[in-house]
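*Asks:* Supplied in structure tokens, the structure appears directly below.
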Amino acid sequence: MAPDTGQGVARASGAAGARPRARPRDLLGGRSGTFLVRSLSVLGFFALWMAGTLLLGPRLCPSPATVAAFVVRETASGELPYHLGVTLLRVAAAFLLAMTIGTLAGLAMGRSRTANLVMEPWLVLLLNAPALIVIVLAYIWIGLTETAAILAVAINKIPNVTVTIREGARAMEPAYMEMARVYKFPKASLYRDVILPQLQPYLAAAGRSGLALIWKIVLVVELLGRSNGVGFQVHLYFQMFDVRAILGYTLAFVTVMLLIEFLLVQPLERRANRWRSRPA
Amino acid sequence: MAPDTGQGVARASGAAGARPRARPRDLLGGRSGTFLVRSLSVLGFFALWMAGTLLLGPRLCPSPATVAAFVVRETASGELPYHLGVTLLRVAAAFLLAMTIGTLAGLAMGRSRTANLVMEPWLVLLLNAPALIVIVLAYIWIGLTETAAILAVAINKIPNVTVTIREGARAMEPAYMEMARVYKFPKASLYRDVILPQLQPYLAAAGRSGLALIWKIVLVVELLGRSNGVGFQVHLYFQMFDVRAILGYTLAFVTVMLLIEFLLVQPLERRANRWRSRPA
Amino acid sequence: QDRPTLRLGLLKFGTVNWEAQTIIDEGLDERHGFELRIVSFAGGDATKVAMQAGDIDVTTGDWLFVSRQRAEGAPLTFVPYSSSIGAVMAPCESDIASIEDLRSKRLGVAGGPLDKSWLMLLALAERRHGIDLARETSPVYGAPPLLAEKLRQGELGAGLNYWHYNARLETEGFCEIVSAQEAARELGARGDISAVGYIFDEGWAQENRDLALGFVAASREAKAVLAGSDAAWQRIRPIMGAENDAVFEALVRRYREGIPDRPVEEEEADTRAVYRHLAEIGGEKLVGVAQEMTPGTFWQALKDGS
Amino acid sequence: MAGDGAALRVRIEEKSYASPGGETVPVISGLEMSLPPRAFTCLIGPSGCGKTTTLRILLGLDDEFEGKIDDRFRTARLAAAFQEPRLLPWRTVRQNVDLALPRDMTDREAVIGRALADVGLEELLDRYPGQLSLGQARRAALARAFAVRPDILFLDEPFVSLDEATAQRLRGLLIELWTHHPVTVLMVTHNVREAVQLADRIVLLTHRPARVVGEVAVTLPREARTQETVGAFAAELARRHPGLVTL
Amino acid sequence: MAGDGAALRVRIEEKSYASPGGETVPVISGLEMSLPPRAFTCLIGPSGCGKTTTLRILLGLDDEFEGKIDDRFRTARLAAAFQEPRLLPWRTVRQNVDLALPRDMTDREAVIGRALADVGLEELLDRYPGQLSLGQARRAALARAFAVRPDILFLDEPFVSLDEATAQRLRGLLIELWTHHPVTVLMVTHNVREAVQLADRIVLLTHRPARVVGEVAVTLPREARTQETVGAFAAELARRHPGLVTL
Ligand SMILES: Nc1ncnc2c1ncn2[C@@H]1O[C@H](COP(=O)(O)OP(=O)(O)OP(=O)(O)O)[C@@H](O)[C@H]1O
Ligand SMILES: Nc1ncnc2c1ncn2[C@@H]1O[C@H](COP(=O)(O)OP(=O)(O)OP(=O)(O)O)[C@@H](O)[C@H]1O
Ligand SMILES: [Mg+2]
Ligand SMILES: [Mg+2]
């Protein structure tokens, strides 16, 4: 007797047909639907922008074409790629640092009462320390170095990661931990197979809003003590009220982030969430 | 036959004895233990600070006493309470706005594929829009007003809330939703009794790191276009490199946040988490 | 070929760049036996941080800052650079023609409530017209570029801003209502006093006396070049960010007007007088513990008759 | 009310899931049955054949299937005891029942108290589900389903994880409730004796993809259902459907 | 190995939980038993009496109790089929079994394949637990427990939610495995027939707070355990312990 053999009348159908149909209220589930909606959404953005140009005039709201021309010119001159590259490196370094330390601290605080008691006042302090102060102190105490800059950014971000991961650690299902204990899972497997998957949504939240926060702080860091980077450029152009350049640099960065989001993060996330029967 | 009556030999014991014993590795579970550890942690902070004063000199790292004296003086003169109050009001307004809108958007995006498709590019854009740009644009387009300031802060924060709540909405257990559907829970009850409790850790994470982020941005907002508030004061003193005053204002704010955390947020959270058998 | 290097921290695209670039273009640093290296920053605060961190030798700032830091034990010192200073601007065809017309207007104030131009203006209004500007107008503090923009948009009635913003506004139909130099005169200055200068650590200058003096000399020569030569201006035009000829000309004119032309001793005496008034208005918040301008704020070596 | 008129018809032409490889795996294929109003129907079939899937479709939790089910499944007041308790862990036992009750029900406190006392949980009203044993949680879920006084009641193996004495008592309770307030019941069980003891009709399903292979009317009069008669009837059933029914 | 030497002694003086009101509610009180090595022991007791709590203590998942349990419970290789499947939902069925296997086990693929085929899941290796029916998930959890070849095996109602044919097959499988590789088994069940069919010894527990009220050696030789003899033995048991054992 083998009641559950996977065979049966498999309908001949391509990849699309094999996926369960989208729920009825999500009318646009297909690949082409996805593309259509995304395009419409992006088109809407540009339409709004153009309306802004008409309403506010090209000085306060330069048209997309002007900004594009600026981006092309700055790219050709090598300025934009240089500053963008520098900023991205800083963002990446600070991100890795903050996520690693923040996750470890958050796990410790979520799982041990003692760790939580000891670290909590510090957490609240760091969480609420103004970015400006942290940055200035880092520069003064460490020097105007790349290390200071990256550390300052990471310190600004770590408490946010910690707070999020701590919630995740607290919300973990004890049943799985118990199972792992009975079967004496090795430490590595405990983290990889039991803890990490449960933290995944929290890591995703911390990561996404973290990348954004880091980039916001990198701007301040670059403003206060670096001689290159997007933040440096944006502030310079702000002094001259060159909205075109500000938008150009901002959009260049946002585009990179959009690419990372759609080409790297989302495929990874889809993989990690395959097991959910109803992936959103 | 009544096999599960709650009666039995209830041991005579006070509230402390009735709570299940703390797990062995959390040695300091009692009330006095809590207080001890917290105090040690705070003492450690002041020790570190004093060491800093010795190392860096009172100009770059004024002693706690100096800063305390400054705070007392500024409080007596009414300056500090005034600016602190103004900032807190802004923080509160922006916080409420951002949490409300961000939660609604996050729920929509986490639960409907279509909503997610439409809003996602905007989300990534807003997430990565530098605070500076948003603030400047808000001031230019709306005017140098309180509304503009609060809106600018909220807009900076909304995408972070949305991203976190979206993860929460995606990680929700469908089994409970199905149960609620079968029993035709009214809308209000669906949100209050089924959705909200599952979002609770995400709301806590978004709220905590949100309050911190908002306060960081309020500083920038006040610096760029307001004539009062802690951010305004900090910047003023920063121009003179008056570290004592900067620390004074910062600590005043952090203290308020600590009070809110320990007197308001944590009791609420403990209530909300009563059902977890092993509260951290 | 092993000339000592002097690291000068500047706001990129700031007005001081023009002179620094001219020093390099004209080879003035080489002539005085050093090599000038410009370290760019995006904000005025950044240069102060860099100075504290010891990453640059010289930067720019004002005597209020130097005096206060000296009083608190940081031995900075000051060399006048320019007397171009802020002024109140309003649309030429508006009903604002003098200080008295500022009553009940929204007045943008760059640099915050402790900005020295603003404080001097307060004193002027008080003495000459009996007006308490801080109360009788609604001052709006904010970032200078934002305030300039708000003035253009008409949200502000008038604006006290830095000179290079004002030079642009001049070409767009805005007129000067009153300048901070005028206010300084009211407070006892006999001529223009400097608005900004080079600041550096006195100890450093002691150890590198030749370098520091060489730099001051090169700066003076560069000013002479810029005062006389239009060609030199054309050379630095790309870094000036002037969007049209009118702005360019206004910037050149205003810059030339701001070149200090008085003996340092005279200027220091005037500054000291003004300082006393500012200390009164601004109080401890502005000047810290020093009620008088701290001795040595102006670099001693300038007066030693070198 | 689902209790009136014609039988509730169910026709599930095809229901399939995607396998991990991406192929479509049919789970139900041509399942047809009808539930007479106010009758007690039991569904028996091997593990994994598609019983829970069928219940989910009838409960309106899954509309990705081909076929047609009676509209009254959408309009009637439903109640279900799922295969797992599905109590909200952040609400007490009492609250869990309360939340499921129709808004317009009066006398709620009494109803809740009665329902929970009936299943032997009268002392555990203020516990959170995490503080119950699995058997207690299942009983709470049953109490919830009974308390709402549904038009159609779905039960997915309601009496497992209970000691036989308790289970027997709850079966009695179910029949008692059903006798006083006859509703349409569809109950999944693996226990043939239980089905014979409780049901009017037994519907037998094949292995996956599920299809109805037999409908048996339990002709034993209710008052004559003793351990012996039920055992004999069940044995006869097993004899007639050797692949599907085992005792 | 737990298989050697003396019986594994268990003495739980007192185990209690806090009630919502803050009082201490005893759940186990003076429970003493000993498990002979390589014997098959069944634990029977009413719903909510403290069986799962006992298992959790023996598994080392709960150390807030007064009493003493044999050290070999800490050192031996354990396996457990919990009352719910407790499969990691983000790992496939195959991975779930793999993760539980001891690190040093060789020939893992074959072991996993065999274990899952034995419980009838050979076609579902790459499914996620969310894509299984409850009965299938329970079988996967059983396969996991069997595959690790434990010294002590804990089973908490392993055969519920399964149709009787499948359950009977799995009981056969369990006995077969146990015969070839005799381990100490402690199994909770509510099904007295099942206990008589499988066990060497049956331990009867009282209502909460749990205490041992009877230990019964199943004296029927294994080869003589047919439906009839088992039924008769169970009936005799029910007769002797009327409050605790019901058929
Ligand atoms: N966390 C807890 N807090 C308070 N009481 C609890 C807790 N967990 C279990 N109990 C109580 O302890 C008793 C024993 O629970 P246990 O799960 O051991 O029962 P069981 O014998 O396994 O029952 P079942 O056959 O229903 O699974 C139950 O009455 C239950 O209400
Ligand atoms: N999300 C899913 N994806 C793929 N297959 C699924 C999914 N859910 C269920 N199945 C398969 O559908 C079949 C029917 O499942 P269902 O839960 O209806 O079984 P059941 O008859 O209730 O079994 P049991 O008696 O074990 O509870 C099973 O073979 C199962 O493997
Ligand atoms: Mg099922
Ligand atoms: Mg149990």
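Letters for chains follow the order of the structure tokens (A, B, ...), residue numbers begin at 1 for each chain, and ligand numbers begin at 1 in the order shown.
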Please run DSSP on the backbone and report, as number ranges by chain, all residues within segment 46-78 of chain D that come out as helix (DSSP H, G or I).
*Replies:* D: 51-58, 72-75
*Asks:* Selected residues, N, CA and C atoms, written as a PDB file, in the first residue's frame, please.
*Replies:*
ATOM      1  N   LYS D  51      -9.245  14.426   2.385  1.00  0.00           N
ATOM      2  CA  LYS D  51     -10.410  14.736   3.216  1.00  0.00           C
ATOM      3  C   LYS D  51     -10.361  16.178   3.714  1.00  0.00           C
ATOM      4  N   THR D  52      -9.209  16.560   4.280  1.00  0.00           N
ATOM      5  CA  THR D  52      -9.095  17.922   4.771  1.00  0.00           C
ATOM      6  C   THR D  52      -9.243  18.917   3.628  1.00  0.00           C
ATOM      7  N   THR D  53      -8.684  18.558   2.477  1.00  0.00           N
ATOM      8  CA  THR D  53      -8.819  19.438   1.316  1.00  0.00           C
ATOM      9  C   THR D  53     -10.291  19.640   0.975  1.00  0.00           C
ATOM     10  N   THR D  54     -11.064  18.570   1.016  1.00  0.00           N
ATOM     11  CA  THR D  54     -12.495  18.684   0.733  1.00  0.00           C
ATOM     12  C   THR D  54     -13.174  19.616   1.739  1.00  0.00           C
ATOM     13  N   LEU D  55     -12.873  19.405   3.001  1.00  0.00           N
ATOM     14  CA  LEU D  55     -13.471  20.259   4.021  1.00  0.00           C
ATOM     15  C   LEU D  55     -13.100  21.724   3.791  1.00  0.00           C
ATOM     16  N   ARG D  56     -11.847  21.970   3.449  1.00  0.00           N
ATOM     17  CA  ARG D  56     -11.422  23.353   3.231  1.00  0.00           C
ATOM     18  C   ARG D  56     -12.201  23.993   2.084  1.00  0.00           C
ATOM     19  N   ILE D  57     -12.451  23.209   1.059  1.00  0.00           N
ATOM     20  CA  ILE D  57     -13.216  23.751  -0.070  1.00  0.00           C
ATOM     21  C   ILE D  57     -14.638  24.083   0.378  1.00  0.00           C
ATOM     22  N   LEU D  58     -15.245  23.167   1.120  1.00  0.00           N
ATOM     23  CA  LEU D  58     -16.615  23.403   1.563  1.00  0.00           C
ATOM     24  C   LEU D  58     -16.688  24.580   2.534  1.00  0.00           C
ATOM     25  N   ARG D  72     -25.497  27.261  -0.331  1.00  0.00           N
ATOM     26  CA  ARG D  72     -25.782  27.365   1.094  1.00  0.00           C
ATOM     27  C   ARG D  72     -24.530  27.209   1.957  1.00  0.00           C
ATOM     28  N   PHE D  73     -23.468  26.604   1.375  1.00  0.00           N
ATOM     29  CA  PHE D  73     -22.209  26.548   2.119  1.00  0.00           C
ATOM     30  C   PHE D  73     -21.633  27.949   2.346  1.00  0.00           C
ATOM     31  N   ARG D  74     -22.023  28.873   1.466  1.00  0.00           N
ATOM     32  CA  ARG D  74     -21.511  30.240   1.610  1.00  0.00           C
ATOM     33  C   ARG D  74     -22.357  31.078   2.551  1.00  0.00           C
ATOM     34  N   THR D  75     -23.637  30.786   2.596  1.00  0.00           N
ATOM     35  CA  THR D  75     -24.545  31.667   3.331  1.00  0.00           C
ATOM     36  C   THR D  75     -24.824  31.182   4.751  1.00  0.00           C
TER      37      THR D  75
END
*Asks:* Report as number ranges by chain all protein, DNA and RNA residues lying within 10 Å of segment 109-123 of chain D, evaluated on only C-alpha atoms, omitting residues in the same chain fewer than 2 positions from it.
*Replies:* B: 1-7; D: 93-98, 101, 105-107, 125-127, 132, 136-148, 166-167, 169-170, 173
*Asks:* Would you mind listing the residues within 8 Å of ligand 3, counting only C-alpha atoms and all ligand atoms, as an NGL selection string?
*Replies:* (:D and (47-48 or 50-53 or 83 or 156-157)) or (:E and (133-135 or 161))
*Asks:* Could you write out the selected residues, including N, CA and C atoms, as a PDB file, in the first residue's frame?
*Replies:*
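Ended up saving to again.pdb:
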ATOM      1  N   SER D  47      -5.190   8.052   4.916  1.00  0.00           N
ATOM      2  CA  SER D  47      -4.397   9.247   5.236  1.00  0.00           C
ATOM      3  C   SER D  47      -3.849   9.886   3.959  1.00  0.00           C
ATOM      4  N   GLY D  48      -4.074  11.170   3.832  1.00  0.00           N
ATOM      5  CA  GLY D  48      -3.540  11.891   2.677  1.00  0.00           C
ATOM      6  C   GLY D  48      -4.388  11.777   1.434  1.00  0.00           C
ATOM      7  N   GLY D  50      -7.268  13.348   0.783  1.00  0.00           N
ATOM      8  CA  GLY D  50      -7.907  14.588   0.364  1.00  0.00           C
ATOM      9  C   GLY D  50      -9.122  14.967   1.200  1.00  0.00           C
ATOM     10  N   LYS D  51      -9.245  14.426   2.385  1.00  0.00           N
ATOM     11  CA  LYS D  51     -10.410  14.736   3.216  1.00  0.00           C
ATOM     12  C   LYS D  51     -10.361  16.178   3.714  1.00  0.00           C
ATOM     13  N   THR D  52      -9.209  16.560   4.280  1.00  0.00           N
ATOM     14  CA  THR D  52      -9.095  17.922   4.771  1.00  0.00           C
ATOM     15  C   THR D  52      -9.243  18.917   3.628  1.00  0.00           C
ATOM     16  N   THR D  53      -8.684  18.558   2.477  1.00  0.00           N
ATOM     17  CA  THR D  53      -8.819  19.438   1.316  1.00  0.00           C
ATOM     18  C   THR D  53     -10.291  19.640   0.975  1.00  0.00           C
ATOM     19  N   GLN D  83      -8.287  19.999  12.177  1.00  0.00           N
ATOM     20  CA  GLN D  83      -7.510  18.838  12.595  1.00  0.00           C
ATOM     21  C   GLN D  83      -6.531  19.211  13.721  1.00  0.00           C
ATOM     22  N   ASP D 156     -13.053  17.632  11.863  1.00  0.00           N
ATOM     23  CA  ASP D 156     -11.953  16.886  11.239  1.00  0.00           C
ATOM     24  C   ASP D 156     -11.245  16.077  12.326  1.00  0.00           C
ATOM     25  N   GLU D 157     -11.594  14.829  12.439  1.00  0.00           N
ATOM     26  CA  GLU D 157     -11.052  13.946  13.474  1.00  0.00           C
ATOM     27  C   GLU D 157     -11.114  14.578  14.851  1.00  0.00           C
TER      28      GLU D 157
ATOM     29  N   SER E 133      -0.468  16.334   4.311  1.00  0.00           N
ATOM     30  CA  SER E 133      -1.641  16.221   5.181  1.00  0.00           C
ATOM     31  C   SER E 133      -1.120  15.940   6.584  1.00  0.00           C
ATOM     32  N   LEU E 134      -1.978  16.142   7.577  1.00  0.00           N
ATOM     33  CA  LEU E 134      -1.520  15.961   8.946  1.00  0.00           C
ATOM     34  C   LEU E 134      -1.000  14.544   9.176  1.00  0.00           C
ATOM     35  N   GLY E 135      -1.725  13.575   8.625  1.00  0.00           N
ATOM     36  CA  GLY E 135      -1.311  12.184   8.792  1.00  0.00           C
ATOM     37  C   GLY E 135       0.065  11.949   8.177  1.00  0.00           C
ATOM     38  N   SER E 161      -4.576  10.216  14.023  1.00  0.00           N
ATOM     39  CA  SER E 161      -4.702  10.885  12.725  1.00  0.00           C
ATOM     40  C   SER E 161      -4.264  10.004  11.565  1.00  0.00           C
TER      41      SER E 161
END
*Asks:* Between chain D and ligand 2, at 12 Å or less, what are the per-residue closest atom pairs and their distances in Å? Count only C-alpha atoms and all ligand atoms, order by chain and rising residue number, and return it as a tab-separated table.
*Replies:*
residue	atom	partner	partner_atom_place_in_ligand_line	distance
D:Lys15	CA	ligand 2	12 (O)	9.2
D:Ser16	CA	ligand 2	5 (N)	7.6
D:Tyr17	CA	ligand 2	4 (C)	4.6
D:Ala18	CA	ligand 2	4 (C)	5.6
D:Ser19	CA	ligand 2	4 (C)	5.6
D:Pro20	CA	ligand 2	4 (C)	7.7
D:Gly21	CA	ligand 2	4 (C)	10.6
D:Gly22	CA	ligand 2	4 (C)	10.2
D:Glu23	CA	ligand 2	4 (C)	10.1
D:Thr24	CA	ligand 2	4 (C)	8.8
D:Val25	CA	ligand 2	5 (N)	7.3
D:Pro26	CA	ligand 2	12 (O)	8.0
D:Val27	CA	ligand 2	12 (O)	5.3
D:Ile28	CA	ligand 2	14 (C)	7.9
D:Ser29	CA	ligand 2	14 (C)	11.5
D:Leu43	CA	ligand 2	21 (O)	9.6
D:Ile44	CA	ligand 2	21 (O)	8.7
D:Gly45	CA	ligand 2	21 (O)	6.6
D:Pro46	CA	ligand 2	25 (O)	6.1
D:Ser47	CA	ligand 2	25 (O)	3.6
D:Gly48	CA	ligand 2	23 (O)	3.3
D:Cys49	CA	ligand 2	21 (O)	4.0
D:Gly50	CA	ligand 2	18 (O)	3.1
D:Lys51	CA	ligand 2	21 (O)	3.6
D:Thr52	CA	ligand 2	22 (O)	3.6
D:Thr53	CA	ligand 2	18 (O)	3.6
D:Thr54	CA	ligand 2	18 (O)	6.4
D:Leu55	CA	ligand 2	18 (O)	7.9
D:Arg56	CA	ligand 2	18 (O)	8.2
D:Ile57	CA	ligand 2	18 (O)	9.9
D:Asp62	CA	ligand 2	1 (N)	10.9
D:Glu64	CA	ligand 2	1 (N)	11.8
D:Phe82	CA	ligand 2	27 (O)	10.1
D:Gln83	CA	ligand 2	27 (O)	7.2
D:Glu84	CA	ligand 2	27 (O)	10.0
D:Leu155	CA	ligand 2	22 (O)	11.5
D:Asp156	CA	ligand 2	22 (O)	8.0
D:Glu157	CA	ligand 2	27 (O)	8.4
D:Pro158	CA	ligand 2	27 (O)	11.7
D:Val160	CA	ligand 2	25 (O)	11.8
D:Met187	CA	ligand 2	22 (O)	11.5
D:Val188	CA	ligand 2	22 (O)	8.3
D:Thr189	CA	ligand 2	25 (O)	8.1
D:His190	CA	ligand 2	25 (O)	7.5
D:Asn191	CA	ligand 2	25 (O)	11.2
D:Leu204	CA	ligand 2	21 (O)	11.4
D:Leu205	CA	ligand 2	21 (O)	9.0
D:Thr206	CA	ligand 2	21 (O)	9.8
D:His207	CA	ligand 2	21 (O)	8.6
D:Arg208	CA	ligand 2	29 (O)	6.5
D:Pro209	CA	ligand 2	13 (C)	7.8
D:Ala210	CA	ligand 2	21 (O)	8.2
D:Arg211	CA	ligand 2	21 (O)	11.3
*Asks:* Set the distance at 12 Å and use only C-alpha atoms: which residues neighbour Ile236 of chain C once local chain neighbours fewer than 4 positions away are removed? I'd like the list as a list in words.
*Replies:* Phe13, Thr15, Val16, Asn17, Trp18, Glu19, Ala20, Gln21, Thr22, Ile23, Ile24, Asp25, Glu26, Leu226, Ser229, Asp230, Ala231, Ala232, Met240, Gly241, Ala242, Phe248 and Val252 of chain C
*Asks:* Generate a file of the selected residues that holds N, CA, C and O atoms, formatted as an mmCIF file, in the first residue's frame.
*Replies:*
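Written file, result00.cif:
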data_model
loop_
_atom_site.group_PDB
_atom_site.id
_atom_site.type_symbol
_atom_site.label_atom_id
_atom_site.label_comp_id
_atom_site.auth_asym_id
_atom_site.auth_seq_id
_atom_site.Cartn_x
_atom_site.Cartn_y
_atom_site.Cartn_z
ATOM 1 N N PHE C 13 34.029 74.663 -3.338
ATOM 2 C CA PHE C 13 33.223 75.707 -3.990
ATOM 3 C C PHE C 13 32.984 76.906 -3.076
ATOM 4 O O PHE C 13 32.246 77.809 -3.451
ATOM 5 N N THR C 15 34.055 80.435 -1.127
ATOM 6 C CA THR C 15 34.727 81.586 -1.748
ATOM 7 C C THR C 15 36.229 81.588 -1.468
ATOM 8 O O THR C 15 36.999 82.147 -2.246
ATOM 9 N N VAL C 16 36.634 80.977 -0.374
ATOM 10 C CA VAL C 16 38.064 80.969 -0.050
ATOM 11 C C VAL C 16 38.845 80.151 -1.073
ATOM 12 O O VAL C 16 40.027 80.385 -1.313
ATOM 13 N N ASN C 17 38.159 79.219 -1.696
ATOM 14 C CA ASN C 17 38.775 78.415 -2.741
ATOM 15 C C ASN C 17 39.371 79.258 -3.857
ATOM 16 O O ASN C 17 40.336 78.879 -4.486
ATOM 17 N N TRP C 18 38.707 80.381 -4.098
ATOM 18 C CA TRP C 18 39.123 81.186 -5.239
ATOM 19 C C TRP C 18 40.550 81.661 -5.018
ATOM 20 O O TRP C 18 41.398 81.610 -5.895
ATOM 21 N N GLU C 19 40.793 82.109 -3.788
ATOM 22 C CA GLU C 19 42.127 82.606 -3.477
ATOM 23 C C GLU C 19 43.126 81.454 -3.440
ATOM 24 O O GLU C 19 44.225 81.533 -3.992
ATOM 25 N N ALA C 20 42.705 80.344 -2.821
ATOM 26 C CA ALA C 20 43.604 79.198 -2.707
ATOM 27 C C ALA C 20 44.006 78.696 -4.089
ATOM 28 O O ALA C 20 45.170 78.383 -4.344
ATOM 29 N N GLN C 21 43.021 78.661 -4.979
ATOM 30 C CA GLN C 21 43.300 78.176 -6.320
ATOM 31 C C GLN C 21 44.255 79.122 -7.022
ATOM 32 O O GLN C 21 45.153 78.706 -7.767
ATOM 33 N N THR C 22 44.061 80.417 -6.759
ATOM 34 C CA THR C 22 44.946 81.397 -7.383
ATOM 35 C C THR C 22 46.383 81.229 -6.880
ATOM 36 O O THR C 22 47.346 81.345 -7.649
ATOM 37 N N ILE C 23 46.522 80.939 -5.590
ATOM 38 C CA ILE C 23 47.868 80.702 -5.053
ATOM 39 C C ILE C 23 48.546 79.576 -5.824
ATOM 40 O O ILE C 23 49.706 79.687 -6.243
ATOM 41 N N ILE C 24 47.790 78.520 -6.074
ATOM 42 C CA ILE C 24 48.381 77.382 -6.783
ATOM 43 C C ILE C 24 48.626 77.736 -8.248
ATOM 44 O O ILE C 24 49.709 77.495 -8.784
ATOM 45 N N ASP C 25 47.615 78.351 -8.872
ATOM 46 C CA ASP C 25 47.741 78.697 -10.287
ATOM 47 C C ASP C 25 48.944 79.603 -10.538
ATOM 48 O O ASP C 25 49.668 79.460 -11.527
ATOM 49 N N GLU C 26 49.145 80.554 -9.647
ATOM 50 C CA GLU C 26 50.209 81.539 -9.854
ATOM 51 C C GLU C 26 51.545 81.038 -9.304
ATOM 52 O O GLU C 26 52.539 81.766 -9.341
ATOM 53 N N LEU C 226 44.092 89.049 -7.574
ATOM 54 C CA LEU C 226 42.656 89.061 -7.838
ATOM 55 C C LEU C 226 42.096 90.475 -7.855
ATOM 56 O O LEU C 226 41.112 90.755 -8.542
ATOM 57 N N SER C 229 43.791 91.675 -11.595
ATOM 58 C CA SER C 229 43.781 90.968 -12.875
ATOM 59 C C SER C 229 42.436 90.325 -13.162
ATOM 60 O O SER C 229 41.913 89.562 -12.360
ATOM 61 N N ASP C 230 41.855 90.636 -14.342
ATOM 62 C CA ASP C 230 40.622 89.977 -14.741
ATOM 63 C C ASP C 230 40.910 88.582 -15.269
ATOM 64 O O ASP C 230 40.065 87.687 -15.183
ATOM 65 N N ALA C 231 42.121 88.426 -15.812
ATOM 66 C CA ALA C 231 42.487 87.122 -16.374
ATOM 67 C C ALA C 231 42.487 86.062 -15.270
ATOM 68 O O ALA C 231 42.034 84.931 -15.474
ATOM 69 N N ALA C 232 42.981 86.445 -14.085
ATOM 70 C CA ALA C 232 43.024 85.504 -12.972
ATOM 71 C C ALA C 232 41.610 85.038 -12.627
ATOM 72 O O ALA C 232 41.379 83.882 -12.318
ATOM 73 N N MET C 240 33.731 78.770 -9.621
ATOM 74 C CA MET C 240 32.907 79.733 -8.899
ATOM 75 C C MET C 240 31.424 79.384 -8.963
ATOM 76 O O MET C 240 30.627 79.854 -8.145
ATOM 77 N N GLY C 241 31.062 78.590 -9.952
ATOM 78 C CA GLY C 241 29.666 78.185 -10.058
ATOM 79 C C GLY C 241 28.736 79.341 -10.391
ATOM 80 O O GLY C 241 27.562 79.315 -10.029
ATOM 81 N N ALA C 242 29.248 80.363 -11.057
ATOM 82 C CA ALA C 242 28.386 81.488 -11.435
ATOM 83 C C ALA C 242 27.548 81.071 -12.629
ATOM 84 O O ALA C 242 28.075 80.643 -13.650
ATOM 85 N N PHE C 248 28.557 86.476 -12.071
ATOM 86 C CA PHE C 248 30.014 86.453 -12.035
ATOM 87 C C PHE C 248 30.566 87.842 -11.686
ATOM 88 O O PHE C 248 31.399 88.000 -10.801
ATOM 89 N N VAL C 252 32.698 89.064 -8.368
ATOM 90 C CA VAL C 252 34.028 89.667 -8.462
ATOM 91 C C VAL C 252 34.039 91.009 -7.729
ATOM 92 O O VAL C 252 34.934 91.304 -6.938
#
*Asks:* Please determine the contact residues of chain C with respect to chain A at a cut-off of 7 Å, counting only C-alpha atoms, and supply them as a list of chain:residue names.
*Replies:*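 Filtering chain C at 7 Å from chain A with only C-alpha atoms gives C:Ser40, C:Phe41, C:Ala42, C:Gly43, C:Asp45, C:Ala46, C:Val49, C:Ala50, C:Gln52, C:Ala53, C:Asp55, C:Pro145.
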*Asks:* Could you write out that same residue set with C-alpha atoms as a compact mmCIF listing (two decimals), in the first residue's frame?
*Replies:*
# COMPACT_ATOMS: atom_id res chain seq x y z
CA SER C 40 37.70 69.87 0.44
CA PHE C 41 34.72 69.46 2.70
CA ALA C 42 31.04 69.81 2.10
CA GLY C 43 30.10 71.78 5.20
CA ASP C 45 31.16 72.23 10.44
CA ALA C 46 33.26 69.60 8.77
CA VAL C 49 35.82 68.80 13.06
CA ALA C 50 38.82 68.17 10.81
CA GLN C 52 39.97 69.23 16.00
CA ALA C 53 40.96 65.86 14.63
CA ASP C 55 43.74 66.36 9.87
CA PRO C 145 20.56 78.25 0.66
*Asks:* Apply DSSP to the structure's backbone, then extract all residues of segment 28-178 of chain D labelled strand (DSSP E) and return them as a list in words.
*Replies:* Ile28, Ser29, Gly30, Leu31, Glu32, Met33, Ser34, Leu35, Phe40, Thr41, Cys42, Leu43, Ile44, Glu66, Gly67, Lys68, Ile69, Leu78, Ala79, Ala80, Ala81, Ile152, Leu153, Phe154, Leu155 and Asp156 of chain D
